[in-house]
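Text of my_file04.cif, listed as mmCIF, C-alpha atoms:
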```cif
data_work
loop_
_atom_site.label_atom_id
_atom_site.label_comp_id
_atom_site.auth_asym_id
_atom_site.auth_seq_id
_atom_site.Cartn_x
_atom_site.Cartn_y
_atom_site.Cartn_z
CA MET P 171 97.04 35.34 -48.21
CA LYS P 172 95.74 37.89 -50.70
CA ILE P 173 98.05 40.63 -51.98
CA SER P 174 95.71 43.32 -50.66
CA ASN P 175 95.74 41.75 -47.18
CA VAL P 176 99.53 41.62 -47.08
CA LEU P 177 99.90 45.28 -48.00
CA GLY P 178 97.06 46.26 -45.69
CA ILE P 179 98.74 44.59 -42.71
CA PHE P 180 102.02 46.28 -43.60
CA LEU P 181 100.33 49.68 -43.70
CA ILE P 182 98.45 49.29 -40.40
CA THR P 183 101.50 47.90 -38.56
CA THR P 184 103.71 50.74 -39.73
CA LEU P 185 101.12 53.35 -38.72
CA SER P 186 101.03 51.85 -35.22
CA CYS P 187 104.82 51.98 -34.90
CA ASN P 188 104.85 55.59 -36.08
CA SER P 189 102.33 56.54 -33.38
CA GLN P 190 104.59 55.13 -30.66
CA GLU P 191 107.61 56.97 -32.06
CA ASN P 192 105.72 60.28 -32.00
CA LYS P 193 104.81 59.78 -28.32
CA SER P 194 108.45 59.11 -27.49
CA MET P 195 109.57 62.25 -29.33
CA GLU P 196 107.05 64.37 -27.45
CA LYS P 197 108.44 63.26 -24.07
CA GLU P 198 111.93 64.36 -25.04
CA ASN P 199 110.87 67.91 -25.91
CA ILE P 200 112.13 70.60 -23.53
CA TYR P 201 109.26 73.08 -24.08
CA THR P 202 105.72 72.98 -22.75
CA ASN P 203 103.01 75.60 -23.33
CA GLN P 204 99.39 76.22 -22.36
CA LEU P 205 98.07 73.58 -24.78
CA ILE P 206 99.37 70.73 -22.62
CA ASN P 207 96.00 70.38 -20.85
CA GLU P 208 93.89 70.34 -24.03
CA THR P 209 92.21 67.23 -25.46
CA SER P 210 92.36 68.08 -29.18
CA PRO P 211 95.00 65.98 -31.01
CA TYR P 212 95.91 69.01 -33.12
CA LEU P 213 96.44 71.28 -30.12
CA LEU P 214 98.43 68.61 -28.32
CA GLN P 215 100.71 68.36 -31.36
CA HIS P 216 101.75 71.95 -30.58
CA ALA P 217 101.95 71.60 -26.79
CA TYR P 218 105.74 71.23 -26.94
CA ASN P 219 106.47 74.16 -29.26
CA PRO P 220 108.59 77.03 -27.89
CA VAL P 221 105.74 79.33 -28.95
CA ASP P 222 103.67 80.20 -25.88
CA TRP P 223 100.44 78.91 -27.40
CA HIS P 224 97.14 79.47 -25.63
CA PRO P 225 93.79 77.81 -26.36
CA TRP P 226 90.85 79.88 -27.55
CA ASN P 227 88.88 80.72 -24.41
CA GLU P 228 87.70 83.67 -22.32
CA GLN P 229 90.82 83.64 -20.15
CA THR P 230 93.09 84.01 -23.16
CA LEU P 231 90.99 86.80 -24.68
CA ASP P 232 90.87 88.62 -21.34
CA LYS P 233 94.65 88.31 -21.06
CA ALA P 234 95.10 89.97 -24.46
CA LYS P 235 92.81 92.84 -23.52
CA ALA P 236 94.50 93.33 -20.14
CA GLU P 237 97.98 93.41 -21.70
CA GLY P 238 96.91 95.32 -24.81
CA LYS P 239 98.69 92.81 -27.04
CA LEU P 240 97.69 91.74 -30.51
CA LEU P 241 96.29 88.27 -31.04
CA LEU P 242 98.10 85.90 -33.38
CA ILE P 243 95.55 83.22 -34.24
CA SER P 244 96.75 80.10 -36.05
CA ILE P 245 94.12 77.58 -37.15
CA GLY P 246 94.57 74.09 -38.56
CA TYR P 247 93.74 70.43 -38.02
CA SER P 248 95.62 67.28 -37.14
CA ALA P 249 95.85 65.78 -40.65
CA CYS P 250 96.91 69.00 -42.43
CA HIS P 251 100.27 68.53 -44.18
CA TRP P 252 101.12 72.21 -44.58
CA CYS P 253 100.14 72.85 -40.97
CA HIS P 254 102.88 70.41 -39.98
CA VAL P 255 105.35 71.97 -42.40
CA MET P 256 104.83 75.44 -40.94
CA GLU P 257 105.09 74.06 -37.43
CA HIS P 258 108.43 72.39 -38.17
CA GLU P 259 109.83 75.41 -40.02
CA SER P 260 108.57 78.21 -37.76
CA PHE P 261 106.72 77.21 -34.62
CA GLU P 262 109.45 74.81 -33.48
CA ASP P 263 112.11 77.46 -34.06
CA ALA P 264 113.21 79.32 -30.89
CA GLU P 265 114.05 82.53 -32.75
CA VAL P 266 110.64 82.70 -34.43
CA ALA P 267 108.94 81.78 -31.16
CA LYS P 268 110.61 84.69 -29.37
CA ILE P 269 109.28 87.17 -31.94
CA MET P 270 105.80 85.72 -31.60
CA ASN P 271 105.87 85.58 -27.79
CA ASP P 272 107.26 89.10 -27.39
CA ASN P 273 104.69 90.76 -29.64
CA PHE P 274 101.52 88.66 -29.52
CA ILE P 275 99.21 86.53 -27.47
CA CYS P 276 99.47 83.39 -29.59
CA ILE P 277 96.37 81.22 -29.94
CA LYS P 278 96.12 77.80 -31.56
CA VAL P 279 92.69 76.68 -32.80
CA ASP P 280 91.61 73.24 -34.03
CA ARG P 281 89.12 73.96 -36.81
CA GLU P 282 87.43 70.62 -36.22
CA GLU P 283 86.91 71.49 -32.56
CA ARG P 284 85.93 75.14 -33.13
CA PRO P 285 84.42 75.49 -36.63
CA ASP P 286 82.70 78.69 -35.46
CA VAL P 287 86.03 80.42 -34.79
CA ASP P 288 87.50 79.03 -38.00
CA GLN P 289 84.61 80.38 -40.07
CA VAL P 290 85.03 83.94 -38.79
CA TYR P 291 88.74 84.13 -39.55
CA MET P 292 88.47 82.15 -42.78
CA THR P 293 85.92 84.70 -43.98
CA ALA P 294 88.33 87.48 -43.03
CA VAL P 295 91.19 85.92 -45.01
CA GLN P 296 88.94 85.27 -48.02
CA LEU P 297 87.74 88.86 -47.98
CA MET P 298 91.33 90.13 -47.87
CA ASN P 299 92.95 87.65 -50.26
CA GLN P 300 90.07 86.11 -52.27
CA ARG P 301 91.34 82.70 -51.21
CA GLY P 302 91.81 80.67 -48.04
CA GLY P 303 93.07 77.38 -46.70
CA TRP P 304 94.99 75.82 -43.84
CA PRO P 305 97.07 76.59 -41.96
CA LEU P 306 95.04 79.74 -41.48
CA ASN P 307 96.97 82.54 -39.78
CA CYS P 308 95.38 85.80 -38.65
CA VAL P 309 96.52 88.77 -36.60
CA ALA P 310 93.77 90.55 -34.70
CA LEU P 311 93.29 93.39 -32.26
CA PRO P 312 93.10 92.48 -28.55
CA ASN P 313 89.30 92.45 -28.96
CA GLY P 314 89.54 89.73 -31.64
CA LYS P 315 88.87 91.89 -34.74
CA PRO P 316 91.24 90.69 -37.51
CA PHE P 317 93.21 93.04 -39.75
CA TRP P 318 95.66 90.69 -41.49
CA GLY P 319 95.70 87.05 -42.54
CA GLY P 320 97.05 84.39 -44.84
CA THR P 321 97.80 80.69 -45.06
CA TYR P 322 101.22 79.02 -45.20
CA PHE P 323 104.36 81.18 -44.92
CA ARG P 324 108.00 80.18 -45.17
CA LYS P 325 110.05 80.91 -42.08
CA GLU P 326 111.76 84.11 -43.27
CA ASP P 327 108.55 85.46 -44.81
CA TRP P 328 106.68 84.71 -41.59
CA LYS P 329 109.25 86.58 -39.46
CA LYS P 330 109.13 89.57 -41.78
CA GLN P 331 105.34 89.69 -41.84
CA ILE P 332 104.72 89.44 -38.10
CA LEU P 333 107.48 91.93 -37.22
CA GLY P 334 105.99 94.38 -39.71
CA LEU P 335 102.51 93.92 -38.25
CA ALA P 336 103.69 94.42 -34.68
CA ASN P 337 105.53 97.58 -35.72
CA ALA P 338 102.51 98.92 -37.65
CA TYR P 339 100.31 98.53 -34.57
CA LYS P 340 102.85 100.40 -32.43
CA THR P 341 103.40 103.26 -34.88
CA GLU P 342 99.99 103.61 -36.56
CA PRO P 343 97.43 102.04 -34.22
CA ASN P 344 94.52 104.16 -35.45
CA ARG P 345 95.08 103.06 -39.04
CA VAL P 346 95.17 99.40 -37.98
CA ILE P 347 92.04 99.78 -35.83
CA GLU P 348 90.16 101.52 -38.66
CA PHE P 349 90.95 98.69 -41.08
CA ALA P 350 90.00 96.04 -38.50
CA ASP P 351 86.65 97.76 -37.93
CA ARG P 352 85.91 97.86 -41.66
CA LEU P 353 86.92 94.23 -42.11
CA SER P 354 84.78 93.13 -39.16
CA LEU P 355 81.81 94.93 -40.70
CA GLY P 356 82.46 93.08 -43.95
CA ILE P 357 82.52 89.75 -42.10
CA GLN P 358 79.19 90.56 -40.42
CA GLN P 359 77.59 91.58 -43.72
CA SER P 360 78.81 88.42 -45.45
CA GLU P 361 77.14 86.34 -42.75
CA ASN P 362 73.81 88.15 -42.98
CA ILE P 363 71.24 86.33 -45.07
CA GLY P 364 68.07 88.33 -45.54
CA LEU P 365 64.63 86.75 -45.56
CA ASN P 366 63.54 86.10 -49.13
CA THR P 367 59.84 86.91 -49.36
CA THR P 368 59.48 86.42 -53.11
CA GLU P 369 57.26 83.61 -54.37
CA VAL P 370 59.06 80.31 -54.93
CA ASN P 371 59.18 79.70 -58.67
CA PHE P 372 62.14 77.55 -59.68
CA THR P 373 62.37 76.74 -63.39
CA TRP P 374 64.61 74.69 -65.63
CA GLU P 375 65.87 77.95 -67.05
CA ASP P 376 67.26 78.85 -63.60
CA LEU P 377 69.10 75.55 -63.37
CA ASN P 378 70.35 75.71 -66.95
CA ASN P 379 71.66 79.22 -66.42
CA MET P 380 73.60 77.97 -63.39
CA VAL P 381 75.04 74.84 -65.01
CA SER P 382 75.93 76.44 -68.35
CA PRO P 383 78.80 78.70 -67.13
CA TRP P 384 79.86 75.96 -64.73
CA SER P 385 80.24 73.48 -67.59
CA GLU P 386 82.73 75.79 -69.31
CA HIS P 387 85.25 74.71 -66.66
CA PHE P 388 84.63 70.96 -67.00
CA ASP P 389 87.65 68.82 -67.84
CA ASN P 390 85.96 66.29 -70.10
CA ALA P 391 89.18 64.34 -70.66
CA GLU P 392 90.32 63.76 -67.07
CA GLY P 393 87.18 64.66 -65.16
CA GLY P 394 86.68 67.32 -62.53
CA THR P 395 87.36 70.96 -63.26
CA ASN P 396 90.13 72.23 -65.51
CA GLY P 397 93.61 72.51 -64.06
CA ALA P 398 94.96 71.52 -60.67
CA PRO P 399 94.54 70.83 -57.82
CA LYS P 400 91.38 68.76 -58.15
CA PHE P 401 88.92 68.09 -55.34
CA PRO P 402 86.31 65.31 -55.46
CA MET P 403 83.49 67.77 -54.54
CA PRO P 404 80.87 65.08 -53.82
CA ASN P 405 77.98 67.51 -53.22
CA ALA P 406 78.62 69.23 -56.55
CA TYR P 407 78.69 65.96 -58.48
CA ASN P 408 75.66 64.64 -56.68
CA PHE P 409 73.79 67.72 -57.87
CA LEU P 410 75.11 67.34 -61.43
CA LEU P 411 74.12 63.66 -61.44
CA HIS P 412 70.54 64.51 -60.46
CA TYR P 413 70.40 67.47 -62.84
CA ALA P 414 71.69 65.45 -65.81
CA HIS P 415 69.30 62.59 -65.13
CA LEU P 416 66.20 64.76 -64.77
CA SER P 417 67.05 67.08 -67.66
CA LYS P 418 68.33 64.22 -69.86
CA ASN P 419 71.51 66.23 -70.44
CA THR P 420 73.87 63.61 -71.86
CA GLU P 421 76.91 65.91 -71.94
CA VAL P 422 76.75 66.65 -68.22
CA LEU P 423 76.01 63.00 -67.49
CA GLU P 424 79.09 61.91 -69.44
CA HIS P 425 81.18 64.43 -67.53
CA VAL P 426 79.96 63.03 -64.20
CA GLU P 427 80.71 59.47 -65.31
CA ILE P 428 84.21 60.37 -66.57
CA THR P 429 84.96 62.12 -63.29
CA LEU P 430 83.80 59.20 -61.16
CA ASP P 431 85.78 56.70 -63.27
CA LYS P 432 88.98 58.77 -63.26
CA MET P 433 88.86 59.22 -59.50
CA ILE P 434 88.50 55.45 -58.97
CA PHE P 435 91.48 54.65 -61.19
CA GLY P 436 93.68 57.48 -59.87
CA GLY P 437 96.02 57.69 -56.92
CA ILE P 438 93.48 59.79 -55.04
CA TYR P 439 91.71 56.48 -54.37
CA ASP P 440 93.64 54.08 -52.14
CA GLN P 441 93.84 51.05 -54.41
CA ILE P 442 94.89 48.77 -51.55
CA GLY P 443 93.12 50.05 -48.45
CA GLY P 444 90.07 51.76 -49.93
CA GLY P 445 88.94 55.31 -49.24
CA PHE P 446 89.73 58.62 -50.92
CA SER P 447 92.43 61.14 -50.11
CA ARG P 448 91.58 64.81 -49.65
CA TYR P 449 92.42 65.96 -53.19
CA SER P 450 94.74 65.48 -56.14
CA THR P 451 97.70 67.81 -56.57
CA ASP P 452 97.66 67.32 -60.35
CA LYS P 453 95.01 67.28 -63.06
CA TYR P 454 95.17 63.50 -63.54
CA TRP P 455 93.98 62.47 -60.03
CA LYS P 456 97.41 60.80 -59.73
CA ALA P 457 99.34 62.31 -56.81
CA PRO P 458 97.01 62.91 -53.87
CA HIS P 459 97.36 65.05 -50.81
CA PHE P 460 97.49 61.89 -48.72
CA GLU P 461 95.33 62.88 -45.76
CA LYS P 462 91.99 61.08 -45.61
CA MET P 463 88.96 62.86 -44.14
CA LEU P 464 85.90 61.16 -42.68
CA TYR P 465 83.46 63.69 -44.10
CA ASP P 466 84.92 63.42 -47.60
CA ASN P 467 84.62 59.65 -47.61
CA GLY P 468 81.14 59.69 -46.09
CA GLN P 469 79.87 61.96 -48.84
CA LEU P 470 81.67 59.99 -51.56
CA VAL P 471 80.02 56.78 -50.37
CA SER P 472 76.66 58.49 -50.92
CA LEU P 473 77.74 59.84 -54.32
CA TYR P 474 78.95 56.47 -55.65
CA SER P 475 75.86 54.75 -54.23
CA GLU P 476 73.59 57.05 -56.23
CA ALA P 477 75.87 56.78 -59.26
CA TYR P 478 75.53 52.99 -59.11
CA LEU P 479 71.76 53.34 -59.23
CA LYS P 480 72.11 55.40 -62.39
CA PHE P 481 74.93 53.64 -64.26
CA GLN P 482 74.82 50.11 -62.76
CA ASN P 483 78.63 50.10 -62.92
CA PRO P 484 80.00 47.34 -60.63
CA LEU P 485 83.10 49.47 -60.03
CA TYR P 486 80.97 52.00 -58.17
CA LYS P 487 79.55 49.27 -55.96
CA GLU P 488 83.09 48.06 -55.18
CA VAL P 489 84.13 51.57 -54.19
CA VAL P 490 81.16 51.92 -51.85
CA PHE P 491 81.93 48.68 -50.01
CA GLU P 492 85.70 49.24 -49.96
CA SER P 493 85.27 52.78 -48.62
CA LEU P 494 82.89 51.60 -45.92
CA GLU P 495 85.35 48.88 -44.94
CA PHE P 496 88.10 51.53 -44.76
CA ILE P 497 85.94 53.74 -42.54
CA GLU P 498 85.08 50.81 -40.27
CA ARG P 499 88.68 49.62 -40.08
CA GLU P 500 90.59 52.87 -39.70
CA LEU P 501 88.19 55.66 -38.78
CA THR P 502 85.95 53.91 -36.24
CA ALA P 503 86.82 53.69 -32.54
CA GLU P 504 86.08 50.67 -30.37
CA ASN P 505 83.23 52.56 -28.67
CA GLY P 506 81.56 53.24 -32.03
CA ALA P 507 82.67 56.87 -32.36
CA PHE P 508 84.39 58.07 -35.52
CA TYR P 509 87.85 59.54 -36.02
CA SER P 510 87.83 62.63 -38.23
CA ALA P 511 90.95 62.05 -40.33
CA LEU P 512 94.18 60.21 -41.07
CA ASP P 513 97.33 62.31 -41.28
CA ALA P 514 99.01 62.99 -44.61
CA ASP P 515 102.43 62.65 -42.96
CA SER P 516 104.14 59.55 -41.63
CA GLU P 517 107.52 59.77 -39.90
CA GLY P 518 107.80 63.34 -41.16
CA GLU P 519 107.19 62.45 -44.82
CA GLU P 520 104.01 63.07 -46.74
CA GLY P 521 102.47 59.85 -48.01
CA LYS P 522 105.32 57.61 -46.84
CA PHE P 523 103.01 54.69 -46.03
CA TYR P 524 101.02 54.98 -49.28
CA VAL P 525 103.83 54.70 -51.83
CA TRP P 526 106.33 51.93 -52.54
CA ASN P 527 109.49 51.35 -54.52
CA GLU P 528 109.68 48.38 -56.85
CA ALA P 529 111.91 46.31 -54.56
CA GLU P 530 109.40 46.58 -51.69
CA LEU P 531 106.55 45.49 -53.92
CA LYS P 532 108.49 42.51 -55.28
CA LEU P 533 109.17 41.42 -51.70
CA PHE P 534 105.44 41.34 -50.91
CA ILE P 535 104.00 40.13 -54.21
CA CYS P 536 106.56 37.47 -55.25
CA GLU P 537 105.37 35.20 -58.07
CA ASP P 538 102.39 37.39 -59.06
CA PHE P 539 104.43 40.55 -59.51
CA ASP P 540 104.11 40.78 -63.31
CA ILE P 541 100.31 40.86 -63.00
CA PHE P 542 100.47 43.28 -60.09
CA LYS P 543 102.89 45.51 -62.00
CA ASP P 544 100.59 45.70 -64.99
CA TYR P 545 97.42 46.20 -62.97
CA TYR P 546 98.77 48.94 -60.68
CA ASN P 547 101.05 50.67 -63.22
CA ILE P 548 104.47 50.11 -61.72
CA ASN P 549 105.87 51.95 -64.72
CA SER P 550 106.36 55.52 -65.92
CA LYS P 551 102.65 56.20 -65.44
CA GLY P 552 102.72 55.33 -61.74
CA LEU P 553 106.20 56.70 -60.97
CA TRP P 554 106.00 59.56 -58.47
CA GLU P 555 109.25 60.79 -56.89
CA HIS P 556 112.40 59.38 -55.24
CA GLY P 557 111.87 56.10 -57.07
CA ASN P 558 108.48 55.53 -55.44
CA TYR P 559 105.25 54.53 -57.16
CA ILE P 560 101.67 55.56 -56.53
CA LEU P 561 99.36 52.67 -57.29
CA LEU P 562 97.05 53.55 -60.20
CA ARG P 563 94.73 51.57 -62.42
CA LYS P 564 93.88 51.72 -66.08
CA LYS P 565 92.14 48.33 -66.32
CA THR P 566 89.24 46.78 -64.43
CA LYS P 567 89.62 43.47 -62.60
CA LYS P 568 87.62 41.83 -65.36
CA GLU P 569 90.01 43.13 -68.03
CA ILE P 570 93.16 42.07 -66.16
CA THR P 571 91.85 38.57 -65.38
CA LYS P 572 90.86 38.10 -69.00
CA LYS P 573 94.29 39.25 -70.19
CA TYR P 574 96.17 36.83 -67.93
CA LYS P 575 93.56 34.07 -68.03
CA ILE P 576 93.16 33.97 -64.26
CA SER P 577 90.19 33.83 -61.93
CA ILE P 578 89.57 35.69 -58.68
#
```

Can you present the structure in this file as structure tokens?
Amino acid sequence: MKISNVLGIFLITTLSCNSQENKSMEKENIYTNQLINETSPYLLQHAYNPVDWHPWNEQTLDKAKAEGKLLLISIGYSACHWCHVMEHESFEDAEVAKIMNDNFICIKVDREERPDVDQVYMTAVQLMNQRGGWPLNCVALPNGKPFWGGTYFRKEDWKKQILGLANAYKTEPNRVIEFADRLSLGIQQSENIGLNTTEVNFTWEDLNNMVSPWSEHFDNAEGGTNGAPKFPMPNAYNFLLHYAHLSKNTEVLEHVEITLDKMIFGGIYDQIGGGFSRYSTDKYWKAPHFEKMLYDNGQLVSLYSEAYLKFQNPLYKEVVFESLEFIERELTAENGAFYSALDADSEGEEGKFYVWNEAELKLFICEDFDIFKDYYNINSKGLWEHGNYILLRKKTKKEITKKYKISI
């Protein structure tokens, strides 16, 4: 049996066992809230929290208005690592839950189920903080107008923030309402796109003026943009690929190629199972945020397909087929529907089923371990944390087979 098949079976079997353990844990929980009747996997994950969560619907909004209580709106998705962290630290804590239940009507929203709701409150947080992300937490008036928001908070910070907000609304309601009205107006204005009646006249100068400042942030050594974290950004690189080809801009073309190569060889790409993780936490594409999203991988299949047409690099063709096999194997239901994501966490640990220690790998690989070790960098380059390795590549299959005089 091939090495990749052995590890693939190990991964899939362990994921299945983890799913059964989670179901067992849920049954033992002593709390149940209003999310118990929902169908969203993300909402059901919170159905046993001591927080009295409600779904986003007319009944919940009417309840807030009738009781005159602020809304605490928390938005996330099932594969979000930091959503799980905040749940474990705060939303599963009885003391925190009491503060939330006493002062707010608490609403949980799955952004994949209600992207319309997510967009409104994400815009609010971005306007207030110039950044956003998930978990997305907002506090709003009973009518839904937000006046405060942020992303992940540690337990003590969360308690301090929400107590302060509840007190501000009790002592200075007019000030809170005035700010919420101004913020809501800003959200509306940001969503308004006026009709452009000017004559269409796109020029190369327009495109060059857009790409030029963008290119100042290119990381031409490791690919992607400078710094960390790094996201694959398939739409952006698809545009740059087309732009570089049509304009014959070799510098931009080289940047695209470096980025595509580095992503393939990095830990952001699952070297065993295929498919890309959400993003890299470092500038080397090494340590990914281990969740895998359907829409990321779908767009990356298109990007690498077009890149293969341009560069004729067999690696890009391999990535396309491996990613499609991953989507078919792990993100496709028996009825032909697609699953949206794979969780970053397994048994409460981020990436547990995607990293290995050396002893585990030796057990699976046996007599071919020296080749495997060289190919996947079971060394200081691939070492992650707690003695575990993320599988990375620095050589192609052709290079490794030539080095060891083997055939595949």

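When the PyMOL selection byres ((chain P and resi 509) around 9) is run on the displayed coordinates, the residues it returns are Met463, Leu464, Ile497, Glu500, Leu501, Thr502, Ala503, Ala507, Phe508, Ser510, Ala511 and Leu512 of chain P.
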
Please dump the current selection as a CSV table (one decimal), in the coordinates of the input; keep C-alpha atoms.
```
chain,number,residue,atom,x,y,z
P,463,MET,CA,89.0,62.9,-44.1
P,464,LEU,CA,85.9,61.2,-42.7
P,497,ILE,CA,85.9,53.7,-42.5
P,500,GLU,CA,90.6,52.9,-39.7
P,501,LEU,CA,88.2,55.7,-38.8
P,502,THR,CA,86.0,53.9,-36.2
P,503,ALA,CA,86.8,53.7,-32.5
P,507,ALA,CA,82.7,56.9,-32.4
P,508,PHE,CA,84.4,58.1,-35.5
P,510,SER,CA,87.8,62.6,-38.2
P,511,ALA,CA,91.0,62.0,-40.3
P,512,LEU,CA,94.2,60.2,-41.1
```

>> Give me, as a PyMOL selection string, all polymer residues having an atom no more than 10 Å from P:Gly320, counting all atoms listed in the file and skipping those fewer than 5 positions away in the same chain.
In response: chain P and resi 244+291-292+294-296+298-299+301-309

>> Just want the 9 Å neighbourhood of stretch 215-228 of chain P, counted on all atoms listed in the file, with same-chain residues fewer than 3 positions away dropped. Output as a ChimeraX atom specification.
In response: /P:196-197,199-208,210-212,231-233,243,248,257,261-264,266-268,270-271,275-279,284,287

> Expressed in Å to a single decimal, how great is the separation between atom CA of P:Leu242 and atom CA of P:Ala310?
Replying inline: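 That distance, rounded to one decimal, is 6.5 Å.
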
> Just how far from atom CA of P:His412 is atom CA of P:Leu473, in Å to one decimal?
Replying inline: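 Separating atom CA of P:Leu473 from atom CA of P:His412 is a distance of 10.6 Å.
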
> Can you find the residues with an atom no farther than 12 Å from (76.3, 66.5, -70.0), counting all atoms listed in the file, and report them as JSON, numbers by chain?
Replying inline: {"P": [378, 381, 382, 384, 385, 386, 388, 389, 390, 407, 410, 411, 412, 413, 414, 415, 416, 417, 418, 419, 420, 421, 422, 423, 424, 425, 426, 427, 428, 429]}

> In Å to one decimal, how far is atom CA of P:Asp515 from atom CA of P:Glu282?
Replying inline: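 If I compute the distance from atom CA of P:Glu282 to atom CA of P:Asp515, I get 18.3 Å.
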
Mind working out the centre and edge lengths of an axis-aligned box for stretch 501-507 of chain P, all listed atoms inside, 5 Å added to each side, rounded to one decimal in Å and written as JSON?
```
{"center_x": 84.9, "center_y": 53.8, "center_z": -33.7, "size_x": 16.6, "size_y": 16.2, "size_z": 20.1}
```

>> Counting all atoms listed in the file, which residue out of P:Lys432, P:Lys462, P:Lys325, P:Lys575 sits closest to P:Glu265?
In response: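 The answer is P:Lys325, which sits nearest to P:Glu265.
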
> Which residue gives the smallest distance to P:Asn405 among P:Ala514, P:Ile269, P:Leu470, P:Cys253, with only C-alpha atoms counted?
Replying inline: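 The answer is P:Leu470, which sits nearest to P:Asn405.
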
> Looking at P:Ile541, P:Leu485, P:Ala336, P:Met433, which one is nearest to P:Pro458, with distances taken over only C-alpha atoms?
Replying inline: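 Nearest to P:Pro458: P:Met433.
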
> Of the candidates P:Arg499, P:Lys330, P:Lys453, P:His459, which one gets nearest to P:Tyr439 if we count only C-alpha atoms?
Replying inline: P:His459

>> Can you translate the PyMOL selection byres ((chain P and resi 563-572) around 9) into the concrete residues it hits in this file, as number ranges by chain?
In response: P: 434-437, 441, 485, 541, 544-547, 552, 561-562, 573-578

>> I need the residue nearest P:Gly356 from this list: P:Met403, P:Leu214, P:Val290, P:Leu241. Use only C-alpha atoms for the distance.
In response: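 For P:Gly356, the nearest of the candidates is P:Val290.
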
> Which residues come within 12 Å of P:Glu488, counting only C-alpha atoms, excluding same-chain residues fewer than 5 positions away, as a PyMOL selection string?
Replying inline: chain P and resi 434+441+444-445+471+474-475+478+482-483+493-495+566-567
